[in-house]
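Enquirer: TSV, C-alpha atoms, file entry02.tsv:
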```tsv
chain	number	residue	atom	x	y	z
A	14	MET	CA	15.70	46.08	-7.45
A	15	LYS	CA	18.48	43.59	-6.99
A	16	ARG	CA	17.07	42.64	-3.62
A	17	LEU	CA	13.63	42.22	-5.08
A	18	ALA	CA	14.97	39.97	-7.81
A	19	LEU	CA	16.82	37.95	-5.19
A	20	LEU	CA	13.68	37.61	-3.10
A	21	ALA	CA	11.67	36.56	-6.13
A	22	ALA	CA	14.33	34.03	-7.02
A	23	THR	CA	14.33	32.55	-3.50
A	24	LEU	CA	10.57	32.36	-3.44
A	25	PHE	CA	9.98	30.94	-6.87
A	26	LEU	CA	13.01	28.78	-7.45
A	27	SER	CA	13.08	27.18	-4.01
A	28	THR	CA	9.70	25.53	-4.47
A	29	ALA	CA	11.36	22.69	-6.32
A	30	ALA	CA	12.44	20.91	-3.14
A	31	LEU	CA	12.88	17.57	-4.84
A	32	ALA	CA	13.56	14.20	-3.36
A	33	VAL	CA	15.33	13.31	-6.59
A	34	GLU	CA	18.95	14.27	-6.11
A	35	PRO	CA	21.05	15.62	-8.98
A	36	GLN	CA	23.46	12.70	-9.02
A	37	GLU	CA	20.55	10.30	-9.45
A	38	MET	CA	19.32	11.99	-12.60
A	39	LEU	CA	19.89	10.67	-16.07
A	40	LYS	CA	21.84	12.84	-18.51
A	41	ASP	CA	19.32	12.41	-21.30
A	42	PRO	CA	16.42	14.77	-20.45
A	43	ALA	CA	13.92	12.63	-22.35
A	44	LEU	CA	14.86	9.50	-20.40
A	45	GLU	CA	14.92	11.47	-17.15
A	46	ALA	CA	11.42	12.76	-17.90
A	47	ARG	CA	10.29	9.17	-18.42
A	48	ALA	CA	11.92	8.15	-15.15
A	49	ARG	CA	10.10	10.94	-13.32
A	50	ASP	CA	6.86	9.87	-14.94
A	51	VAL	CA	7.26	6.22	-13.94
A	52	SER	CA	8.41	7.17	-10.43
A	53	LYS	CA	5.24	9.19	-9.92
A	54	GLY	CA	3.18	6.05	-10.40
A	55	ILE	CA	5.09	3.97	-7.86
A	56	ARG	CA	4.25	4.16	-4.21
A	57	CYS	CA	6.99	4.35	-1.61
A	58	VAL	CA	6.64	1.11	0.33
A	59	GLN	CA	7.91	2.63	3.54
A	60	CYS	CA	6.08	5.94	3.68
A	61	GLN	CA	3.01	4.62	1.88
A	62	ASN	CA	1.31	7.88	0.98
A	63	GLU	CA	4.13	9.28	-1.09
A	64	THR	CA	5.38	8.37	-4.53
A	65	ILE	CA	8.98	7.27	-4.76
A	66	ASP	CA	9.50	10.49	-6.70
A	67	GLU	CA	8.61	12.56	-3.63
A	68	SER	CA	9.92	10.39	-0.86
A	69	HIS	CA	13.18	10.86	0.98
A	70	ALA	CA	13.14	7.30	2.33
A	71	GLU	CA	16.26	5.38	1.39
A	72	ILE	CA	14.34	2.50	-0.14
A	73	ALA	CA	12.49	5.03	-2.32
A	74	ARG	CA	15.83	6.44	-3.44
A	75	ASP	CA	17.05	2.97	-4.35
A	76	MET	CA	13.82	2.31	-6.23
A	77	ARG	CA	14.25	5.55	-8.17
A	78	ILE	CA	17.76	4.53	-9.12
A	79	LEU	CA	16.51	1.10	-10.16
A	80	VAL	CA	13.84	2.73	-12.34
A	81	ARG	CA	16.57	4.75	-14.05
A	82	GLU	CA	18.78	1.73	-14.53
A	83	ARG	CA	15.94	-0.16	-16.14
A	84	ILE	CA	15.11	2.75	-18.43
A	85	THR	CA	18.74	2.99	-19.47
A	86	ALA	CA	18.75	-0.75	-20.09
A	87	GLY	CA	15.86	-0.25	-22.51
A	88	ASP	CA	12.85	-1.42	-20.48
A	89	SER	CA	9.48	0.12	-21.30
A	90	ASN	CA	7.56	2.00	-18.62
A	91	GLN	CA	5.12	-0.87	-18.41
A	92	GLN	CA	7.91	-3.42	-17.92
A	93	ILE	CA	9.25	-1.41	-15.00
A	94	LEU	CA	5.82	-1.15	-13.38
A	95	ASP	CA	5.28	-4.88	-13.95
A	96	TYR	CA	8.58	-5.64	-12.26
A	97	MET	CA	7.69	-3.57	-9.21
A	98	VAL	CA	4.27	-5.23	-9.00
A	99	SER	CA	5.89	-8.67	-9.22
A	100	ARG	CA	8.00	-7.75	-6.16
A	101	TYR	CA	5.57	-5.76	-4.03
A	102	GLY	CA	2.12	-6.56	-5.38
A	103	ASP	CA	-0.51	-4.22	-6.81
A	104	TYR	CA	-0.09	-2.19	-3.67
A	105	VAL	CA	2.94	-0.49	-5.17
A	106	LEU	CA	0.92	1.15	-7.96
A	107	LEU	CA	-0.70	4.46	-7.17
A	108	LYS	CA	-3.11	4.05	-10.05
A	109	PRO	CA	-5.00	0.80	-9.49
A	110	ARG	CA	-5.12	-1.64	-12.36
A	111	PHE	CA	-8.34	-2.52	-14.09
A	112	MET	CA	-9.34	-5.96	-12.80
A	113	ALA	CA	-12.11	-7.81	-10.98
A	114	SER	CA	-11.09	-6.70	-7.49
A	115	THR	CA	-10.75	-3.05	-8.51
A	116	LEU	CA	-14.03	-2.76	-10.45
A	117	ILE	CA	-15.65	-1.01	-7.49
A	118	LEU	CA	-12.89	1.61	-7.55
A	119	TRP	CA	-13.33	2.29	-11.22
A	120	PHE	CA	-17.11	2.11	-11.40
A	121	GLY	CA	-18.06	3.15	-7.85
A	122	PRO	CA	-18.43	6.85	-8.72
A	123	LEU	CA	-20.44	6.05	-11.84
A	124	LEU	CA	-22.65	3.74	-9.78
A	125	VAL	CA	-23.30	6.48	-7.21
A	126	PHE	CA	-24.07	8.89	-10.03
A	127	VAL	CA	-26.58	6.50	-11.63
A	128	ILE	CA	-28.29	5.73	-8.31
A	129	GLY	CA	-28.45	9.45	-7.56
A	130	GLY	CA	-29.93	10.02	-11.00
A	131	PHE	CA	-32.68	7.50	-10.32
A	132	VAL	CA	-33.47	9.12	-6.98
A	133	VAL	CA	-33.67	12.58	-8.52
A	134	ALA	CA	-35.77	11.30	-11.42
A	135	SER	CA	-38.28	9.60	-9.14
A	136	ARG	CA	-38.50	12.72	-6.96
A	137	LEU	CA	-39.22	14.85	-10.01
A	138	GLN	CA	-41.86	12.41	-11.12
A	139	LEU	CA	-43.59	12.63	-7.71
A	140	ARG	CA	-43.58	16.38	-7.94
A	141	GLY	CA	-45.05	16.17	-11.44
A	142	GLN	CA	-47.93	14.08	-10.09
A	143	ALA	CA	-48.63	16.67	-7.41
A	144	VAL	CA	-49.48	19.31	-10.01
A	145	ALA	CA	-51.83	17.03	-11.95
A	146	PRO	CA	-55.03	18.88	-12.96
A	147	LEU	CA	-57.82	18.88	-10.39
A	148	THR	CA	-60.78	16.60	-10.81
A	149	PRO	CA	-64.21	18.31	-11.35
A	150	GLU	CA	-65.17	17.51	-7.73
A	151	GLU	CA	-61.98	19.16	-6.47
A	152	GLU	CA	-62.64	22.21	-8.67
A	153	GLN	CA	-66.10	22.50	-7.15
A	154	ALA	CA	-64.82	22.11	-3.58
A	155	LEU	CA	-62.17	24.73	-4.21
A	156	ALA	CA	-64.68	27.13	-5.74
A	157	SER	CA	-67.03	26.80	-2.78
A	158	LEU	CA	-64.14	27.31	-0.33
A	159	ALA	CA	-63.08	30.45	-2.17
A	160	GLU	CA	-66.64	31.73	-2.16
A	161	ALA	CA	-66.98	31.08	1.55
A	162	SER	CA	-63.74	32.85	2.38
A	163	LEU	CA	-64.67	35.79	0.14
A	164	SER	CA	-68.03	36.21	1.84
A	165	ASP	CA	-66.27	35.88	5.24
A	166	SER	CA	-63.86	38.70	4.50
A	167	GLY	CA	-66.74	40.70	3.03
A	168	ASP	CA	-68.59	40.37	6.35
A	169	LYS	CA	-65.60	41.65	8.29
A	170	ALA	CA	-65.05	44.55	5.94
A	171	SER	CA	-68.59	45.78	6.17
B	20	MET	CA	-71.40	16.01	5.62
B	21	ALA	CA	-69.32	16.54	2.47
B	22	GLU	CA	-67.08	13.83	1.18
B	23	THR	CA	-63.46	14.30	2.22
B	24	PRO	CA	-61.47	14.93	-0.95
B	25	ALA	CA	-59.17	12.07	-1.93
B	26	THR	CA	-55.62	12.89	-0.81
B	27	ALA	CA	-52.48	11.78	-2.66
B	28	PRO	CA	-50.86	8.75	-1.01
B	29	ALA	CA	-48.41	9.92	1.65
B	30	PRO	CA	-44.78	9.59	0.40
B	31	LYS	CA	-42.96	6.61	1.91
B	32	ARG	CA	-40.89	7.62	4.90
B	33	TRP	CA	-38.61	4.59	5.24
B	34	PRO	CA	-36.22	5.44	2.35
B	35	TYR	CA	-35.00	8.38	4.41
B	36	VAL	CA	-33.43	5.92	6.84
B	37	ILE	CA	-31.14	4.47	4.15
B	38	PRO	CA	-28.47	7.22	4.26
B	39	LEU	CA	-28.45	7.11	8.05
B	40	VAL	CA	-28.00	3.34	8.09
B	41	ALA	CA	-25.31	3.57	5.40
B	42	ILE	CA	-23.37	6.22	7.33
B	43	LEU	CA	-23.63	4.24	10.57
B	44	ALA	CA	-22.45	1.07	8.81
B	45	LEU	CA	-19.50	2.92	7.27
B	46	GLY	CA	-18.67	4.44	10.66
B	47	GLY	CA	-18.79	0.95	12.13
B	48	VAL	CA	-16.28	-0.30	9.57
B	49	PHE	CA	-13.92	2.59	10.36
B	50	VAL	CA	-14.22	2.13	14.12
B	51	LYS	CA	-13.56	-1.62	13.77
B	52	ARG	CA	-10.43	-0.95	11.73
B	53	LEU	CA	-9.18	1.65	14.22
B	54	LEU	CA	-9.75	-0.72	17.11
B	55	ASP	CA	-7.95	-3.51	15.26
B	56	ILE	CA	-4.96	-1.23	14.72
B	57	GLU	CA	-5.12	-0.12	18.34
B	58	THR	CA	-5.04	-3.67	19.65
B	59	GLY	CA	-2.40	-4.73	17.14
B	60	ALA	CA	-4.65	-7.24	15.36
B	61	VAL	CA	-4.00	-5.39	12.11
B	62	ASP	CA	-0.78	-3.65	11.13
B	63	PRO	CA	-1.55	-1.06	8.45
B	64	LYS	CA	2.12	-0.85	7.47
B	65	LEU	CA	2.32	-4.54	6.62
B	66	LEU	CA	2.26	-5.30	2.94
B	67	PRO	CA	0.98	-8.58	1.60
B	68	THR	CA	3.84	-10.71	0.36
B	69	VAL	CA	3.33	-11.73	-3.24
B	70	LEU	CA	6.44	-13.88	-3.34
B	71	ILE	CA	5.23	-16.77	-1.17
B	72	SER	CA	5.37	-20.04	-3.15
B	73	THR	CA	7.48	-18.46	-5.89
B	74	PRO	CA	11.14	-19.24	-6.59
B	75	ILE	CA	13.45	-16.87	-4.81
B	76	PRO	CA	14.55	-14.17	-7.26
B	77	ASP	CA	18.01	-14.16	-8.69
B	78	PHE	CA	20.67	-12.21	-6.82
B	79	ASP	CA	24.41	-12.33	-6.48
B	80	LEU	CA	25.92	-10.47	-3.54
B	81	GLN	CA	29.50	-9.86	-2.55
B	82	ALA	CA	30.94	-11.23	0.66
B	83	LEU	CA	31.89	-9.00	3.55
B	84	PRO	CA	35.64	-8.42	3.25
B	85	GLY	CA	37.57	-10.98	5.26
B	86	ARG	CA	34.49	-12.98	6.20
B	87	GLY	CA	34.58	-15.49	3.39
B	88	GLN	CA	31.51	-16.91	1.74
B	89	ALA	CA	29.41	-14.62	-0.47
B	90	LEU	CA	25.71	-15.16	-1.09
B	91	SER	CA	23.96	-15.79	-4.36
B	92	ARG	CA	20.78	-17.44	-5.54
B	93	ASN	CA	22.67	-20.61	-6.44
B	94	ASP	CA	23.92	-21.09	-2.90
B	95	LEU	CA	20.37	-21.81	-1.80
B	96	ASN	CA	19.77	-24.98	-3.78
B	97	GLY	CA	19.52	-28.32	-2.09
B	98	GLU	CA	18.79	-27.33	1.48
B	99	VAL	CA	16.19	-25.56	3.55
B	100	SER	CA	17.53	-22.19	4.66
B	101	LEU	CA	16.60	-18.91	6.28
B	102	ILE	CA	17.54	-15.60	4.70
B	103	ASN	CA	17.62	-12.71	7.10
B	104	VAL	CA	17.65	-9.11	5.85
B	105	TRP	CA	19.34	-6.89	8.43
B	106	GLY	CA	21.49	-3.83	8.92
B	107	SER	CA	23.74	-2.51	11.65
B	108	TRP	CA	21.56	0.63	11.57
B	109	CYS	CA	18.43	-1.38	12.32
B	110	VAL	CA	17.27	-1.18	15.91
B	111	ALA	CA	14.76	-4.02	15.64
B	112	CYS	CA	17.53	-6.26	14.25
B	113	ALA	CA	19.46	-5.86	17.49
B	114	TYR	CA	16.38	-7.01	19.31
B	115	GLU	CA	16.03	-10.01	17.02
B	116	HIS	CA	19.68	-10.99	17.06
B	117	PRO	CA	19.73	-13.18	20.20
B	118	VAL	CA	16.95	-15.31	18.70
B	119	LEU	CA	18.96	-15.76	15.50
B	120	MET	CA	21.93	-16.82	17.62
B	121	GLU	CA	19.73	-19.41	19.33
B	122	ILE	CA	18.42	-20.70	16.01
B	123	ALA	CA	21.97	-20.99	14.68
B	124	ALA	CA	22.98	-22.86	17.82
B	125	THR	CA	20.35	-25.56	17.20
B	126	GLY	CA	22.10	-26.38	13.92
B	127	GLU	CA	18.72	-27.16	12.34
B	128	VAL	CA	18.89	-24.63	9.58
B	129	PRO	CA	21.56	-22.41	8.04
B	130	ILE	CA	20.83	-18.69	8.31
B	131	HIS	CA	22.15	-16.52	5.53
B	132	GLY	CA	22.34	-12.79	6.00
B	133	ILE	CA	21.74	-9.94	3.59
B	134	ALA	CA	23.53	-6.89	4.94
B	135	TRP	CA	21.14	-4.30	3.61
B	136	ARG	CA	22.23	-0.70	2.90
B	137	ASP	CA	25.20	-0.93	5.17
B	138	GLU	CA	28.90	-0.28	5.12
B	139	PRO	CA	30.97	-3.49	5.27
B	140	ALA	CA	32.99	-2.22	8.24
B	141	LYS	CA	29.82	-1.51	10.20
B	142	SER	CA	28.32	-4.89	9.34
B	143	LEU	CA	31.50	-6.65	10.45
B	144	GLY	CA	31.67	-4.57	13.63
B	145	TRP	CA	28.11	-5.51	14.48
B	146	LEU	CA	28.81	-9.21	13.96
B	147	ALA	CA	31.97	-9.02	16.06
B	148	LYS	CA	30.06	-7.35	18.86
B	149	ASN	CA	26.79	-9.28	18.85
B	150	GLY	CA	27.88	-12.65	17.52
B	151	ASP	CA	27.62	-14.07	14.03
B	152	PRO	CA	24.74	-16.48	13.41
B	153	TYR	CA	25.15	-16.44	9.63
B	154	THR	CA	26.51	-19.11	7.34
B	155	ARG	CA	26.84	-16.76	4.38
B	156	VAL	CA	26.51	-12.99	4.30
B	157	GLY	CA	26.06	-10.91	1.15
B	158	GLN	CA	26.23	-7.15	0.93
B	159	ASP	CA	23.30	-5.32	-0.61
B	160	PRO	CA	24.36	-1.67	-0.51
B	161	ALA	CA	21.95	-0.42	-3.20
B	162	SER	CA	18.89	-2.53	-2.31
B	163	LYS	CA	19.14	-4.66	-5.47
B	164	ALA	CA	18.36	-7.91	-3.67
B	165	ALA	CA	16.08	-6.18	-1.18
B	166	ILE	CA	13.83	-4.80	-3.92
B	167	ALA	CA	13.90	-8.11	-5.78
B	168	LEU	CA	12.70	-9.72	-2.56
B	169	GLY	CA	10.04	-7.08	-1.98
B	170	VAL	CA	11.62	-6.00	1.28
B	171	VAL	CA	10.01	-3.02	2.97
B	172	ALA	CA	11.76	-2.69	6.32
B	173	ALA	CA	14.41	-4.67	8.16
B	174	PRO	CA	14.36	-7.17	9.64
B	175	GLU	CA	12.63	-9.51	7.26
B	176	THR	CA	13.30	-13.21	7.03
B	177	PHE	CA	12.53	-15.66	4.25
B	178	LEU	CA	12.25	-19.40	4.63
B	179	VAL	CA	13.39	-21.09	1.44
B	180	ASP	CA	12.92	-24.77	0.66
B	181	LYS	CA	15.29	-27.21	-1.03
B	182	GLN	CA	14.14	-26.16	-4.49
B	183	GLY	CA	14.75	-22.51	-3.73
B	184	VAL	CA	11.05	-21.66	-3.36
B	185	ILE	CA	10.01	-19.10	-0.73
B	186	ARG	CA	7.73	-20.85	1.75
B	187	TYR	CA	7.33	-18.29	4.47
B	188	LYS	CA	8.20	-14.72	5.20
B	189	GLN	CA	8.54	-13.09	8.57
B	190	ASN	CA	7.88	-9.35	8.47
B	191	GLY	CA	9.75	-7.85	11.35
B	192	VAL	CA	11.40	-9.45	14.32
B	193	ILE	CA	11.38	-13.24	14.78
B	194	THR	CA	10.40	-13.85	18.36
B	195	ARG	CA	11.04	-17.10	20.21
B	196	ALA	CA	7.35	-17.88	19.83
B	197	ASP	CA	7.53	-17.33	16.05
B	198	TRP	CA	10.48	-19.69	15.88
B	199	GLU	CA	8.95	-22.40	18.06
B	200	HIS	CA	5.41	-22.31	16.71
B	201	LYS	CA	5.73	-21.26	13.10
B	202	ILE	CA	9.19	-21.48	11.62
B	203	ARG	CA	10.62	-24.56	13.35
B	204	PRO	CA	7.65	-26.82	12.52
B	205	LEU	CA	7.69	-25.55	8.93
B	206	ILE	CA	11.37	-26.36	8.59
B	207	ALA	CA	10.83	-29.87	9.95
B	208	GLN	CA	8.07	-30.33	7.40
B	209	LEU	CA	10.13	-28.98	4.51
B	210	LYS	CA	13.11	-31.15	5.39
B	211	LYS	CA	11.12	-34.35	4.87
```
How would this structure read if it were set down as structure tokens?

Expert:
Amino acid sequence: MKRLALLAATLFLSTAALAVEPQEMLKDPALEARARDVSKGIRCVQCQNETIDESHAEIARDMRILVRERITAGDSNQQILDYMVSRYGDYVLLKPRFMASTLILWFGPLLVFVIGGFVVASRLQLRGQAVAPLTPEEEQALASLAEASLSDSGDKAS
Amino acid sequence: MAETPATAPAPKRWPYVIPLVAILALGGVFVKRLLDIETGAVDPKLLPTVLISTPIPDFDLQALPGRGQALSRNDLNGEVSLINVWGSWCVACAYEHPVLMEIAATGEVPIHGIAWRDEPAKSLGWLAKNGDPYTRVGQDPASKAAIALGVVAAPETFLVDKQGVIRYKQNGVITRADWEHKIRPLIAQLKK
């Protein structure tokens, strides 16, 4: 039982392999939570596809510490993000800002959805036309075809 | 002969080509980008520098022990200067170093160094071994100045004008060609 508990502990507690080291963390859990939150929105400039919260790069570590210093100094989350953007550009944000050059990012999916909607709607309309009622001439032609085929099969059967 | 019944107009075929063309175009864009990276025309790791034409941010760095002059924002007023971010741990910096020595030897521009994320003893050892092209050197052990300058990876070099405005930034090693064709002419222009 003890072994099992140990195994469970190793399996479930070891998943928190954090880049954030204990000595970096703030004592106040609320401020630390804010720091984690802000860090998750900042891209590591060296490793590029990681947040500074996840990255083991040294520059990411220094950026994490800077984030914590700014929080302690009383900066708002937005002020910290603005500072990072003023140093590294919009690139450093993992969530792109809402502006002219990012409109396609924000509205691209909606645009695709609307275009797709139009395509589907026009398809459905075409299909609707296909089942329009037959004209009297068509009815007649159909009736005569059916008659012919019936008499054909009748011939074979007899 | 009976009249042929009117058939519904055949659905247009050409719209089916649109997805194919779109996919091919997208593929073309990707292939172009890959080729550009392959040939070195584009470096995906290079970040755009937002600080060009802005005043150099404030920083105040301690001197290396025993080497004299420290480096702060206020030391940069009144003359054109180069600021080189380096570290004794940085392999590319060793490659760049002879060029910095040559630039220093021309006496055309002071080069200030930011010893980034380094131990003072190691920085001093490096300078003793490879030569010291720097006028002032400041220590930046916790990346304070580096982050303020938007530094990503050493070496990086900033060209600052007399008013303390960043005019140019070299990402990575300064080669002789960079010095001769880009930086030297810019300095001559800024000195006027």

Enquirer: Give one line per residue of chain B that approaches chain A to at most 7 Å, naming the two atoms of the closest pair and their distance in Å to one decimal, counting all atoms listed in the file; sort by chain then ascending residue number and deliver it as a tab-separated table.

Expert:
```
residue	atom	partner	partner_atom	distance
B:Pro24	CA	A:Glu151	CA	7.0
B:Thr68	CA	A:Tyr101	CA	6.8
B:Val69	CA	A:Gly102	CA	5.7
B:Leu70	CA	A:Arg100	CA	6.9
B:Ala161	CA	A:Asp75	CA	6.1
B:Ser162	CA	A:Asp75	CA	6.1
B:Ile166	CA	A:Arg100	CA	6.9
B:Ala167	CA	A:Arg100	CA	5.9
B:Leu168	CA	A:Arg100	CA	6.2
B:Gly169	CA	A:Arg100	CA	4.7
B:Val171	CA	A:Val58	CA	5.9
```

Enquirer: Between B:Arg136, B:Arg203, B:Arg92, B:Lys211, which is the closest to Arg155 in chain B once you count all atoms listed in the file?

Expert: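 Answer, going by the shortest atom-to-atom distance: B:Arg92.
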
Enquirer: Report, in Å with one decimal, the straight-line distance from CA of Asp94 in chain B to CA of Asp159 in chain B.

Expert: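 Distance reported for this atom pair: 15.9 Å.
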
Enquirer: Can you tell me, as a list of chain:residue names, what residues are no more than 12 Å from range 31-47 of chain B when counting only C-alpha atoms, ignoring any on the same chain fewer than 5 positions away?

Expert: A:Val132, A:Arg136, A:Leu139, B:Arg52, B:Leu53, B:Leu54

Enquirer: With only C-alpha atoms as the counted atoms, please give the residues lying no more than 8 Å from Val156 in chain B, apart from itself and same-chain residues fewer than 6 positions off, as a list in words.

Expert: Ala82, Leu83, Gln88, Ala89, Leu90, His131, Gly132, Ile133 and Ala134 of chain B

Enquirer: Give me the residues within 10 Å of Cys112 in chain B as number ranges by chain, counting only C-alpha atoms and dropping any in the same chain fewer than 2 places off.

Expert: B: 103-110, 114-117, 119, 173-175, 191-193

Enquirer: Separation of CA of Asp197 in chain B and CA of Gln182 in chain B, in Å?

Expert: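 Straight-line distance from CA of Asp197 in chain B to CA of Gln182 in chain B works out to 23.3 Å.
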